[in-house]
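Working notes, beginning with the structure itself.
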Amino acid sequence: MTTTTLKQPSKILKILKAIWNGIRRIPAVYFIFFGIFIVLGLLSPTYQSTPGIMAFLRRTSPLAILAIGEMIVLSTGGYDLSIGSIVTMVVLGSSLLLNNDPTMMPTAIWTMLALGLLIGLVNGFVVSYLKIPSFIATLGMMLLVKGGALYWVGGAPRGYLTENWRAFGRGYFENVPLVDRFPYALAILLILALVTYFIYHRSNFGKQILAIGDNVRASQLSGVRVRLVRMIAFVISSLFAVIGGIMIGGFGGVNVTIGEGLEMQTIAACVVGGVLLGGGKGSVMNVVFGAFTMEAIFNLLNLLGLPKPYKDAVQGLIIIAAVAYVALSTRKKK
Amino acid sequence: MTEEQKQKDEKTANRIEPLLEVQSISKRFPGVVALDNVSLKFMPGEIHAVVGENGAGKSTLMKILAGAYIPDTGSILLKGEKVTFSHPQQAQHKGITIIYQEFNLLPDRTVAYNIFLGREPSKFGIIDIRKMNKDAEDLLREIGVEKMISPTAMVSSLSVAEQQLVEIAKAISFNAKVLIMDEPTAALTYTEVKLLLDLVVKLKENGMAVIFISHRLVEVFDFAEKITVLKDGQLVGTVNVTEVKPEDVVHMMVGRSLDHYFPPLGKPEDFGEVVLKVTNASNKFLKDISFELRKGEVLGIAGLQGSGRTEMAQAVFGVEPFTTGSVELRGKAMIIKNPATAIKNRIGFVTEDRKSEGILPKQPIRDNMLLTVRAIQFVFGPIFKNGIRKTKNLVPNLGKQVDVRTDSYDREVQYLSGGNQQKVVLAKWLASDADIFIFDEPTRGIDVEAKASIHDMIRDLTKKGIAVLMISSELPEIIGMSDRVLVMWDGHIEGELPAKSSEPEIMLMATGGKHIKEPQSVSAAGKE
């Protein structure tokens with residue numbers, strides 16, 4: 001009799017423990033995101049409706065794409081601070097090239113992708129061949145690209161963005177089953193996330209990126225072409241910034257500060273998504289949700305009616321808190 | 001005359017109080033006893049050399065004397081008075097100065113600034129540069145190098161030897177009574193060594209006690225009066241230079257019983273054709289390297305730290321390639337300009353420093369094992385969980401082969417023991433299908449059991465026709481494993497020894513003992 005009463009709770013405990021262990025393995029970012037999103041839903045009915053959620057995802061997709069690109073560079077142990085300026089360049093430059101002529105849309109996009117490729121190559125070259133720390137190199141590139149873009153358009157925004165160009169960011173697939181309207185931006189994010197997933201988690205390149213971020217010297221001695229891998233990482237980051245820029249231009253106006261602070265937002269999104277600053281760890285899926293979390297937090301601050309400076313301060317707090325959380329939890333493991 | 005001199009020396013030595021004395025000093029670090037109950041006396045006006053193998057405890061002892069480490073037990077007496085130092089500065093103010101192998105000078109400051117760092121002469125709170133330069137010049141004149149070194153020269157513009165002289169001038173400005181030098185001559189040319197040692201002799205004649213650590217028995221026998229030998233943290237003994245031969249000192253340094261099991265050596269019929277042939281190759285660290293490596297043999301590379309062992313391995317592997325001479329790989333001339341080329345040509349390099357050069361700590365075991373094969377494939381090519389397209393279950397096979405103890409290959413390598421980490425590194429090279437293996441200190445810092453299994457593994461490799469180049473500072477390992485031994489000294493190959501050579505034979509070559517000049521032994525013989 002006593003044995004059965006003792007046995008049963010222990011069995012239940014075991015099951016509970018197994019479930020608990022399973023829950024603990026889920027990255028913190030999912031709990032944070034869904035937690036905040038539920039609060040958003042309680043505060044505003046918009047976030048309870050399918051169109052509202054789709055609009056939220058449309059807004060967030062560009063940040064998520066930028067964050068995936070940033071993650072690739074962060075995983076090598078570097079930083080890419082130039083992506084915010086690339087976004088500014090894309091919006092200002094496209095507006096000038098298009099000048100309200102829809103037939104120019106492909107030209108504008110190809111030009112921007114080519115410029116992105118060039119910026120990525122230069123970043124990679126400066127970091128891997130001239131051996132300048134990426135933080136400094138891309139900080140310089142940030143100023144250079146922004147200044148260059150402003151010079152190109154003559155100091156102030158010029159021209160107009162055409163509807164067909166803006167569609168990437170603001171358009172919807174209509175009459176989609178279940179959700180009715182499905183944003184192009186989300187589709188682009190899903191495709192890019194899938195591609196990056198294979199590159200990052202399922203290719204030699206991804207494994208070598210993590211290897212470099214973890215231990216450059218050991219990687220080099222194991223035959224990893226460190227400079228080549230770093231170059232590719234910066235190129236991917238720049239190209240993703242161009243794509244993100246096209247989408248951001250889709251619903252923002254043409255102004256010179258459009259890309260400002262995006263590099264910090266994406267780094268925060270990566271950190272929340274569990275990317276180790278200094279390299280060696282990352283996950284595409286978690287980073288996408290890291291970006292969603294950032295956007296959800298900003299929306300929450302808006303709903304609470306807090307002014308913009310709070311947004312910056314909160315962002316700083318998030319970076320510090322997330323890095324501290326990682327540092328503490330790895331210390332515990334040891 | 002010498003007889004009288006000696007007696008007189010002994011008398012004065014008995015009368016004079018030791019300047020510095022350590023009594024039963026012990027110091028342990030996690031896992032090792034660095035110093036075990038060591039007692040020593042240092043007399044004024046004496047050059048006292050401290051010798052021993054790598055890891056014998058020399059540097060620990062010096063750091064204790066200089067106040068950088070605090071001993072666990074035992075005491076330090078300065079002029080008969082008990083002293084305790086909790087910081088190197090305290091030792092410095094008491095007149096004990098240490099000059100490390102790596103200098104502590106500020107490269108972008110002038111000589112004078114460096115000498116008076118932290119105690120610059122000042123006027124109204126502003127540094128009196130003129131006085132400082134003059135004082136520095138006086139100090140430099142005192143040691144007779146004022147013509148060589150200007151007080152206003154930048155330290156970065158000075159040679160290593162000149163920097164050492166600046167350190168000595170600085171020591172004198174502290175009124176140093178005891179000068180400790182940690183391998184002062186390791187990076188100097190012959191003439192610089194002479195200059196430095198002449199100065200040291202002068203300091204000694206002024207009543208300073210000079211303690212110097214050296215790997216070069218040549219200098220020890222030329223300049224020192226006493227030699228103290230340390231081994232595995234214990235004091236073997238202190239001898240007068242005039243009473244011993246280099247061979248005796250070498251015996252004191254190494255004499256130890258082989259208590260570790262090694263797999264049997266290869267038989268002559270196991271050795272195949274030459275797979276690696278290096279001829280007259282040099283680079284900035286190495287001079288005129290020539291050797292051959294055959295299939296199925298373990299070629300041991302002995303030598304002390306700084307003798308160029310690791311540099312040679314790195315040259316062969318393309319990390320710091322040879323700039324002259326030729327390398328033949330399996331009968332074909334080859335230029336190995338980077339590690340990737342070496343890996344494609346099936347050379348593997350198990351590096352010395354596992355933590356900084358071997359493992360990817362945060363990556364799982366499987367990704368560590370597969371790194372080399374992935375590195376030489378198409379960059380965007382797909383990966384396979386446990387292997388490559390051709391061999392899909394490489395990881396479990398390798399794991400079994402090297403006997404990694406783990407519950408899952410997904411475990412991050414940082415959580416494995418040192419021995420298991422080393423096995424993962426080994427597996428990484430087995431994966432790349434290398435048939436020339438370079439091992440640099442394969443068993444440093446791992447436990448006895450793992451050591452034995454790595455030794456067995458190395459021998460098993462040779463049975464499969466793999467050629468092994470094995471660098472080690474542990475003489476028992478060199479002797480227990482090598483089918484031939486190359487001994488390196490001063491950036492070149494000093495000589496080759498057959499299997500089962502004795503520790504003293506190797507040590508004599510490795511310390512440059514062969515170079516001890518004849519006159520020295522003649523005069524020593526004359527005294528007898």
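For the structure tokens, the naming scheme is as follows: chains receive sequential letters (A, B, ...) according to their order of presentation, residues are indexed from 1 within each chain, and ligands are indexed from 1 in presentation order.
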List as number ranges by chain the protein and nucleic acid residues near Met181 in chain B, meaning an atom at most 12 Å away when only C-alpha atoms are counted, but skip any in the same chain fewer than 4 places from it.
B: 47-50, 58-59, 61-63, 65-66, 96-103, 164-165, 167-168, 171, 185-186, 196-197, 200, 209-214
Just the selected residues (C-alpha atoms), exported as a CSV table (one decimal), in the first residue's frame, please.
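The result, written out as out.csv:
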```
chain,number,residue,atom,x,y,z
B,47,ILE,CA,76.6,34.3,-10.3
B,48,HIS,CA,74.3,31.5,-9.6
B,49,ALA,CA,72.8,29.6,-12.5
B,50,VAL,CA,69.5,27.7,-12.1
B,58,LYS,CA,62.7,27.4,-12.3
B,59,SER,CA,60.4,30.1,-13.3
B,61,LEU,CA,61.1,29.9,-8.0
B,62,MET,CA,62.2,33.1,-9.6
B,63,LYS,CA,58.7,34.5,-9.5
B,65,LEU,CA,61.8,35.5,-5.2
B,66,ALA,CA,60.5,38.6,-7.1
B,96,ILE,CA,65.4,42.4,-5.7
B,97,THR,CA,64.9,42.9,-9.4
B,98,ILE,CA,63.8,40.4,-12.0
B,99,ILE,CA,64.2,40.7,-15.7
B,100,TYR,CA,61.8,38.5,-17.5
B,101,GLN,CA,62.1,36.9,-20.9
B,102,GLU,CA,59.3,39.1,-22.1
B,103,PHE,CA,60.2,42.6,-21.2
B,164,GLN,CA,67.9,44.2,-21.6
B,165,LEU,CA,70.7,46.7,-20.7
B,167,GLU,CA,66.3,46.8,-17.7
B,168,ILE,CA,69.6,46.4,-15.9
B,171,ALA,CA,67.5,47.6,-11.7
B,185,THR,CA,70.3,35.2,-23.6
B,186,ALA,CA,67.6,33.2,-25.3
B,196,LEU,CA,75.5,41.2,-21.5
B,197,LEU,CA,77.5,38.6,-19.6
B,200,VAL,CA,76.8,40.8,-15.4
B,209,ALA,CA,74.1,38.5,-6.3
B,210,VAL,CA,73.1,37.4,-9.8
B,211,ILE,CA,70.7,34.6,-10.3
B,212,PHE,CA,70.2,33.5,-13.9
B,213,ILE,CA,68.1,30.8,-15.5
B,214,SER,CA,69.4,29.4,-18.7
```
With 12 Å as the limit and counting only C-alpha atoms, what residues in chain A lie close to chain B? Please list them as an MDAnalysis selection string.
chainID A and resid 75 195:226 228:230 232:233 276 278:282 330 333:334
Quick one: distance from CA of Ser128 in chain A to CA of Met231 in chain A in Å, one decimal?
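Between these atoms lies a distance of 7.2 Å.
Shortest atom-to-atom contact with Asp108 in chain B among B:Ala153, B:Ile458, B:Leu293, B:Val166: B:Ala153, counting only C-alpha atoms.
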Selection near Ala450 in chain B, 12 Å with only C-alpha atoms, sequence-local residues under 5 positions removed, as a ChimeraX atom specification
/B:402-405,417-423,442-445,455-457
Using the selection just defined, write its residues with N, CA, C and O atoms as a PDB file, in the first residue's frame.
```
ATOM      1  N   VAL B 402      39.355   6.520 -32.068  1.00  0.00           N
ATOM      2  CA  VAL B 402      40.174   7.238 -31.088  1.00  0.00           C
ATOM      3  C   VAL B 402      39.629   7.066 -29.670  1.00  0.00           C
ATOM      4  O   VAL B 402      40.225   7.562 -28.726  1.00  0.00           O
ATOM      5  N   ASP B 403      38.493   6.388 -29.548  1.00  0.00           N
ATOM      6  CA  ASP B 403      37.961   6.060 -28.230  1.00  0.00           C
ATOM      7  C   ASP B 403      37.605   7.310 -27.417  1.00  0.00           C
ATOM      8  O   ASP B 403      38.099   7.527 -26.319  1.00  0.00           O
ATOM      9  N   VAL B 404      36.761   8.165 -28.009  1.00  0.00           N
ATOM     10  CA  VAL B 404      36.275   9.346 -27.283  1.00  0.00           C
ATOM     11  C   VAL B 404      35.211   8.890 -26.291  1.00  0.00           C
ATOM     12  O   VAL B 404      34.285   8.184 -26.663  1.00  0.00           O
ATOM     13  N   ARG B 405      35.356   9.283 -25.056  1.00  0.00           N
ATOM     14  CA  ARG B 405      34.356   8.905 -24.045  1.00  0.00           C
ATOM     15  C   ARG B 405      33.312   9.999 -23.936  1.00  0.00           C
ATOM     16  O   ARG B 405      33.553  11.037 -23.351  1.00  0.00           O
ATOM     17  N   SER B 417      37.013  16.319 -21.090  1.00  0.00           N
ATOM     18  CA  SER B 417      38.296  16.388 -20.374  1.00  0.00           C
ATOM     19  C   SER B 417      39.413  16.634 -21.381  1.00  0.00           C
ATOM     20  O   SER B 417      39.242  16.458 -22.584  1.00  0.00           O
ATOM     21  N   GLY B 418      40.576  17.043 -20.879  1.00  0.00           N
ATOM     22  CA  GLY B 418      41.716  17.338 -21.745  1.00  0.00           C
ATOM     23  C   GLY B 418      42.078  16.164 -22.646  1.00  0.00           C
ATOM     24  O   GLY B 418      42.335  16.336 -23.834  1.00  0.00           O
ATOM     25  N   GLY B 419      42.084  14.984 -22.075  1.00  0.00           N
ATOM     26  CA  GLY B 419      42.439  13.801 -22.860  1.00  0.00           C
ATOM     27  C   GLY B 419      41.443  13.548 -23.977  1.00  0.00           C
ATOM     28  O   GLY B 419      41.818  13.247 -25.110  1.00  0.00           O
ATOM     29  N   ASN B 420      40.156  13.705 -23.661  1.00  0.00           N
ATOM     30  CA  ASN B 420      39.123  13.496 -24.675  1.00  0.00           C
ATOM     31  C   ASN B 420      39.172  14.568 -25.750  1.00  0.00           C
ATOM     32  O   ASN B 420      38.945  14.295 -26.922  1.00  0.00           O
ATOM     33  N   GLN B 421      39.492  15.795 -25.351  1.00  0.00           N
ATOM     34  CA  GLN B 421      39.633  16.864 -26.341  1.00  0.00           C
ATOM     35  C   GLN B 421      40.749  16.522 -27.317  1.00  0.00           C
ATOM     36  O   GLN B 421      40.619  16.699 -28.521  1.00  0.00           O
ATOM     37  N   GLN B 422      41.844  16.015 -26.770  1.00  0.00           N
ATOM     38  CA  GLN B 422      42.972  15.673 -27.622  1.00  0.00           C
ATOM     39  C   GLN B 422      42.577  14.570 -28.604  1.00  0.00           C
ATOM     40  O   GLN B 422      42.991  14.577 -29.757  1.00  0.00           O
ATOM     41  N   LYS B 423      41.746  13.631 -28.154  1.00  0.00           N
ATOM     42  CA  LYS B 423      41.303  12.553 -29.037  1.00  0.00           C
ATOM     43  C   LYS B 423      40.433  13.109 -30.163  1.00  0.00           C
ATOM     44  O   LYS B 423      40.489  12.630 -31.293  1.00  0.00           O
ATOM     45  N   PRO B 442      52.068  15.900 -27.997  1.00  0.00           N
ATOM     46  CA  PRO B 442      50.760  15.239 -28.062  1.00  0.00           C
ATOM     47  C   PRO B 442      50.118  14.962 -26.709  1.00  0.00           C
ATOM     48  O   PRO B 442      48.910  14.813 -26.630  1.00  0.00           O
ATOM     49  N   THR B 443      50.912  14.885 -25.652  1.00  0.00           N
ATOM     50  CA  THR B 443      50.299  14.497 -24.375  1.00  0.00           C
ATOM     51  C   THR B 443      50.495  15.535 -23.279  1.00  0.00           C
ATOM     52  O   THR B 443      50.424  15.214 -22.108  1.00  0.00           O
ATOM     53  N   ARG B 444      50.733  16.782 -23.678  1.00  0.00           N
ATOM     54  CA  ARG B 444      50.933  17.792 -22.639  1.00  0.00           C
ATOM     55  C   ARG B 444      49.640  18.031 -21.856  1.00  0.00           C
ATOM     56  O   ARG B 444      48.586  18.234 -22.425  1.00  0.00           O
ATOM     57  N   GLY B 445      49.764  17.991 -20.546  1.00  0.00           N
ATOM     58  CA  GLY B 445      48.646  18.364 -19.681  1.00  0.00           C
ATOM     59  C   GLY B 445      47.477  17.407 -19.705  1.00  0.00           C
ATOM     60  O   GLY B 445      46.352  17.822 -19.457  1.00  0.00           O
ATOM     61  N   HIS B 455      49.569   7.343 -26.895  1.00  0.00           N
ATOM     62  CA  HIS B 455      50.807   6.696 -27.357  1.00  0.00           C
ATOM     63  C   HIS B 455      50.495   5.448 -28.182  1.00  0.00           C
ATOM     64  O   HIS B 455      51.092   5.221 -29.236  1.00  0.00           O
ATOM     65  N   ASP B 456      49.553   4.652 -27.695  1.00  0.00           N
ATOM     66  CA  ASP B 456      49.160   3.450 -28.454  1.00  0.00           C
ATOM     67  C   ASP B 456      48.629   3.838 -29.825  1.00  0.00           C
ATOM     68  O   ASP B 456      48.923   3.204 -30.828  1.00  0.00           O
ATOM     69  N   MET B 457      47.834   4.916 -29.826  1.00  0.00           N
ATOM     70  CA  MET B 457      47.234   5.338 -31.083  1.00  0.00           C
ATOM     71  C   MET B 457      48.291   5.786 -32.091  1.00  0.00           C
ATOM     72  O   MET B 457      48.210   5.468 -33.269  1.00  0.00           O
TER      73      MET B 457
END
```
Using only C-alpha atoms, I'd like a table of the residues in range 194-295 of chain A that come within 8 Å of range 84-99 of chain A; for each, show the closest atom pair and its distance in Å rounded to one decimal, ordered by chain and ascending number, as JSON lines.
```
{"residue": "A:Ser238", "atom": "CA", "partner": "A:Ile86", "partner_atom": "CA", "distance": 7.4}
{"residue": "A:Ala241", "atom": "CA", "partner": "A:Val87", "partner_atom": "CA", "distance": 6.2}
{"residue": "A:Val242", "atom": "CA", "partner": "A:Val87", "partner_atom": "CA", "distance": 6.2}
{"residue": "A:Gly244", "atom": "CA", "partner": "A:Val87", "partner_atom": "CA", "distance": 7.0}
{"residue": "A:Gly245", "atom": "CA", "partner": "A:Val87", "partner_atom": "CA", "distance": 4.2}
{"residue": "A:Ile246", "atom": "CA", "partner": "A:Val90", "partner_atom": "CA", "distance": 6.5}
{"residue": "A:Ile248", "atom": "CA", "partner": "A:Val87", "partner_atom": "CA", "distance": 7.8}
{"residue": "A:Gly249", "atom": "CA", "partner": "A:Val91", "partner_atom": "CA", "distance": 5.5}
{"residue": "A:Val254", "atom": "CA", "partner": "A:Val91", "partner_atom": "CA", "distance": 6.4}
{"residue": "A:Asn255", "atom": "CA", "partner": "A:Leu92", "partner_atom": "CA", "distance": 7.3}
{"residue": "A:Val256", "atom": "CA", "partner": "A:Thr88", "partner_atom": "CA", "distance": 6.4}
{"residue": "A:Thr257", "atom": "CA", "partner": "A:Thr88", "partner_atom": "CA", "distance": 6.9}
{"residue": "A:Ile258", "atom": "CA", "partner": "A:Thr88", "partner_atom": "CA", "distance": 5.7}
{"residue": "A:Gly259", "atom": "CA", "partner": "A:Gly84", "partner_atom": "CA", "distance": 4.5}
{"residue": "A:Glu260", "atom": "CA", "partner": "A:Gly84", "partner_atom": "CA", "distance": 5.6}
{"residue": "A:Gly261", "atom": "CA", "partner": "A:Gly84", "partner_atom": "CA", "distance": 6.3}
{"residue": "A:Leu262", "atom": "CA", "partner": "A:Gly84", "partner_atom": "CA", "distance": 4.8}
{"residue": "A:Glu263", "atom": "CA", "partner": "A:Gly84", "partner_atom": "CA", "distance": 5.2}
```
Okay, now the selection with N, CA, C and O atoms, as a PDB file, in the first residue's frame?
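result.pdb, written as the output of this step:
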```
ATOM      1  N   SER A 238      25.637  42.550 -46.586  1.00  0.00           N
ATOM      2  CA  SER A 238      25.329  43.754 -47.369  1.00  0.00           C
ATOM      3  C   SER A 238      24.166  43.522 -48.313  1.00  0.00           C
ATOM      4  O   SER A 238      23.284  44.374 -48.458  1.00  0.00           O
ATOM      5  N   ALA A 241      21.036  43.587 -46.538  1.00  0.00           N
ATOM      6  CA  ALA A 241      20.702  44.960 -46.165  1.00  0.00           C
ATOM      7  C   ALA A 241      20.033  45.671 -47.334  1.00  0.00           C
ATOM      8  O   ALA A 241      19.089  46.442 -47.146  1.00  0.00           O
ATOM      9  N   VAL A 242      20.490  45.391 -48.565  1.00  0.00           N
ATOM     10  CA  VAL A 242      19.866  46.002 -49.747  1.00  0.00           C
ATOM     11  C   VAL A 242      18.413  45.530 -49.865  1.00  0.00           C
ATOM     12  O   VAL A 242      17.487  46.325 -50.051  1.00  0.00           O
ATOM     13  N   GLY A 244      16.513  44.276 -47.506  1.00  0.00           N
ATOM     14  CA  GLY A 244      15.763  44.872 -46.403  1.00  0.00           C
ATOM     15  C   GLY A 244      15.456  46.329 -46.686  1.00  0.00           C
ATOM     16  O   GLY A 244      14.358  46.816 -46.395  1.00  0.00           O
ATOM     17  N   GLY A 245      16.392  47.031 -47.284  1.00  0.00           N
ATOM     18  CA  GLY A 245      16.229  48.451 -47.596  1.00  0.00           C
ATOM     19  C   GLY A 245      15.080  48.670 -48.583  1.00  0.00           C
ATOM     20  O   GLY A 245      14.277  49.591 -48.422  1.00  0.00           O
ATOM     21  N   ILE A 246      15.012  47.809 -49.607  1.00  0.00           N
ATOM     22  CA  ILE A 246      13.929  47.928 -50.601  1.00  0.00           C
ATOM     23  C   ILE A 246      12.575  47.778 -49.909  1.00  0.00           C
ATOM     24  O   ILE A 246      11.627  48.517 -50.180  1.00  0.00           O
ATOM     25  N   ILE A 248      11.938  48.278 -46.645  1.00  0.00           N
ATOM     26  CA  ILE A 248      11.681  49.383 -45.713  1.00  0.00           C
ATOM     27  C   ILE A 248      11.198  50.605 -46.482  1.00  0.00           C
ATOM     28  O   ILE A 248      10.270  51.311 -46.066  1.00  0.00           O
ATOM     29  N   GLY A 249      11.818  50.849 -47.661  1.00  0.00           N
ATOM     30  CA  GLY A 249      11.395  51.974 -48.507  1.00  0.00           C
ATOM     31  C   GLY A 249       9.943  51.835 -48.922  1.00  0.00           C
ATOM     32  O   GLY A 249       9.290  52.805 -49.272  1.00  0.00           O
ATOM     33  N   VAL A 254      10.566  58.701 -48.184  1.00  0.00           N
ATOM     34  CA  VAL A 254      11.965  58.903 -48.582  1.00  0.00           C
ATOM     35  C   VAL A 254      12.562  59.972 -47.694  1.00  0.00           C
ATOM     36  O   VAL A 254      12.251  61.143 -47.846  1.00  0.00           O
ATOM     37  N   ASN A 255      13.358  59.562 -46.713  1.00  0.00           N
ATOM     38  CA  ASN A 255      14.055  60.588 -45.949  1.00  0.00           C
ATOM     39  C   ASN A 255      15.451  60.119 -45.568  1.00  0.00           C
ATOM     40  O   ASN A 255      15.745  58.922 -45.623  1.00  0.00           O
ATOM     41  N   VAL A 256      16.304  61.064 -45.188  1.00  0.00           N
ATOM     42  CA  VAL A 256      17.732  60.737 -45.039  1.00  0.00           C
ATOM     43  C   VAL A 256      18.028  59.974 -43.752  1.00  0.00           C
ATOM     44  O   VAL A 256      19.128  59.469 -43.589  1.00  0.00           O
ATOM     45  N   THR A 257      17.077  59.891 -42.843  1.00  0.00           N
ATOM     46  CA  THR A 257      17.366  59.180 -41.590  1.00  0.00           C
ATOM     47  C   THR A 257      16.702  57.816 -41.540  1.00  0.00           C
ATOM     48  O   THR A 257      16.647  57.182 -40.499  1.00  0.00           O
ATOM     49  N   ILE A 258      16.224  57.360 -42.704  1.00  0.00           N
ATOM     50  CA  ILE A 258      15.408  56.147 -42.691  1.00  0.00           C
ATOM     51  C   ILE A 258      16.160  54.917 -42.159  1.00  0.00           C
ATOM     52  O   ILE A 258      15.584  54.064 -41.496  1.00  0.00           O
ATOM     53  N   GLY A 259      17.474  54.862 -42.423  1.00  0.00           N
ATOM     54  CA  GLY A 259      18.209  53.665 -41.978  1.00  0.00           C
ATOM     55  C   GLY A 259      18.913  53.839 -40.653  1.00  0.00           C
ATOM     56  O   GLY A 259      19.613  52.944 -40.184  1.00  0.00           O
ATOM     57  N   GLU A 260      18.715  55.008 -40.042  1.00  0.00           N
ATOM     58  CA  GLU A 260      19.495  55.314 -38.844  1.00  0.00           C
ATOM     59  C   GLU A 260      19.176  54.373 -37.684  1.00  0.00           C
ATOM     60  O   GLU A 260      18.017  54.106 -37.382  1.00  0.00           O
ATOM     61  N   GLY A 261      20.211  53.853 -37.034  1.00  0.00           N
ATOM     62  CA  GLY A 261      20.017  53.018 -35.847  1.00  0.00           C
ATOM     63  C   GLY A 261      19.651  51.576 -36.156  1.00  0.00           C
ATOM     64  O   GLY A 261      19.511  50.763 -35.249  1.00  0.00           O
ATOM     65  N   LEU A 262      19.484  51.263 -37.459  1.00  0.00           N
ATOM     66  CA  LEU A 262      19.082  49.890 -37.780  1.00  0.00           C
ATOM     67  C   LEU A 262      20.164  48.877 -37.414  1.00  0.00           C
ATOM     68  O   LEU A 262      19.862  47.752 -37.037  1.00  0.00           O
ATOM     69  N   GLU A 263      21.442  49.298 -37.527  1.00  0.00           N
ATOM     70  CA  GLU A 263      22.515  48.341 -37.198  1.00  0.00           C
ATOM     71  C   GLU A 263      22.400  47.919 -35.735  1.00  0.00           C
ATOM     72  O   GLU A 263      22.547  46.746 -35.401  1.00  0.00           O
TER      73      GLU A 263
END
```
CA of Leu158 in chain B to CA of Lys287 in chain B, distance in Å rounded to a single decimal
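Those two atoms sit 24.4 Å apart.
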Need the shell around Val73 in chain A: protein/DNA/RNA residues with any atom at most 8 Å away, counting only C-alpha atoms. Skip same-chain ones fewer than 3 positions apart. Format as a VMD selection string?
chain A and resid 69 to 70 76 to 80 230 233 to 234 237
In range 158-255 of chain A, what's strand (DSSP E or B) per DSSP? Answer as a PyMOL selection string?
chain A and resi 172-176+180-183+203
Using only N, CA, C and O atoms, please write the residues we just selected to a file, as a short mmCIF file (atom, residue, chain, number, x, y, z; two decimals), in the first residue's frame.
```
data_model
loop_
_atom_site.label_atom_id
_atom_site.label_comp_id
_atom_site.auth_asym_id
_atom_site.auth_seq_id
_atom_site.Cartn_x
_atom_site.Cartn_y
_atom_site.Cartn_z
N TYR A 172 0.42 42.91 -50.83
CA TYR A 172 -0.13 41.67 -50.29
C TYR A 172 -0.50 40.74 -51.43
O TYR A 172 -0.91 41.18 -52.50
N PHE A 173 -0.38 39.43 -51.18
CA PHE A 173 -1.08 38.46 -52.04
C PHE A 173 -2.53 38.49 -51.56
O PHE A 173 -2.80 38.33 -50.37
N GLU A 174 -3.46 38.67 -52.50
CA GLU A 174 -4.86 38.73 -52.09
C GLU A 174 -5.50 37.35 -52.15
O GLU A 174 -5.01 36.44 -52.84
N ASN A 175 -6.61 37.20 -51.41
CA ASN A 175 -7.42 35.98 -51.44
C ASN A 175 -6.65 34.70 -51.13
O ASN A 175 -6.80 33.69 -51.79
N VAL A 176 -5.74 34.81 -50.18
CA VAL A 176 -5.01 33.62 -49.75
C VAL A 176 -5.90 32.89 -48.74
O VAL A 176 -6.49 33.53 -47.88
N ASP A 180 -6.40 35.27 -45.82
CA ASP A 180 -6.96 36.26 -46.74
C ASP A 180 -5.88 37.07 -47.45
O ASP A 180 -5.67 36.91 -48.64
N ARG A 181 -5.17 37.95 -46.73
CA ARG A 181 -4.10 38.75 -47.38
C ARG A 181 -2.75 38.35 -46.77
O ARG A 181 -2.57 38.39 -45.57
N PHE A 182 -1.81 38.01 -47.65
CA PHE A 182 -0.51 37.55 -47.17
C PHE A 182 0.57 38.49 -47.70
O PHE A 182 0.74 38.65 -48.91
N PRO A 183 1.32 39.19 -46.82
CA PRO A 183 2.26 40.21 -47.30
C PRO A 183 3.41 39.63 -48.13
O PRO A 183 3.96 38.58 -47.79
N SER A 203 25.46 23.79 -44.63
CA SER A 203 26.51 23.80 -45.65
C SER A 203 27.88 23.96 -45.00
O SER A 203 28.00 24.40 -43.86
#
```
Excluding same-chain residues fewer than 2 positions from range 44-46 of chain A, what lies within 12 Å of it counting only C-alpha atoms, as a PyMOL selection string?
chain A and resi 37-42+48-56+299-300+302-304
Could you work out how far CA of Ile267 in chain A lies from CA of Val326 in chain A, giving the answer in Å with one decimal?
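Rounded to one decimal, the two atoms are 14.7 Å apart.
By only C-alpha atoms, and with residues fewer than 4 positions from Glu494 in chain B along its chain excluded, the set lying at most 8 Å from it is Leu486, Val487, Met488, Trp489, Met509 and Ala510 of chain B.
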Rank B:Gly118, B:Glu17, B:Leu398, B:Val111 by their smallest atom-to-atom distance to Leu78 in chain B, using only C-alpha atoms, and report the top residue only.
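Checking each of B:Gly118, B:Glu17, B:Leu398, B:Val111 against Leu78 in chain B, counting only C-alpha atoms, the winner is B:Glu17.
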Using DSSP on the backbone coordinates, identify the residues of range 263-358 of chain B assigned to alpha helix (DSSP H); present them as a list of chain:residue names.
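Taking range 263-358 of chain B and keeping alpha helix (DSSP H) only, one gets B:Arg309, B:Thr310, B:Glu311, B:Met312, B:Ala313, B:Gln314, B:Ala315, B:Val316, B:Phe317, B:Pro339, B:Ala340, B:Thr341, B:Ala342, B:Ile343, B:Lys344.
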So that I can see what lies close to Glu219 in chain B, please list as a list in words the residues with an atom at most 9 Å from it, counting only C-alpha atoms and leaving out residues fewer than 3 positions away in the same chain.
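What passes the distance filter is Thr185, Val193, Leu197, Ser214, His215, Arg216, Asp222, Phe223, Ala224 and Ile516 of chain B.
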Shortest interatomic distance to Gly147 in chain A - which of A:Tyr325, A:Ser82, A:Phe289, A:Gly252, counting only C-alpha atoms
A:Ser82
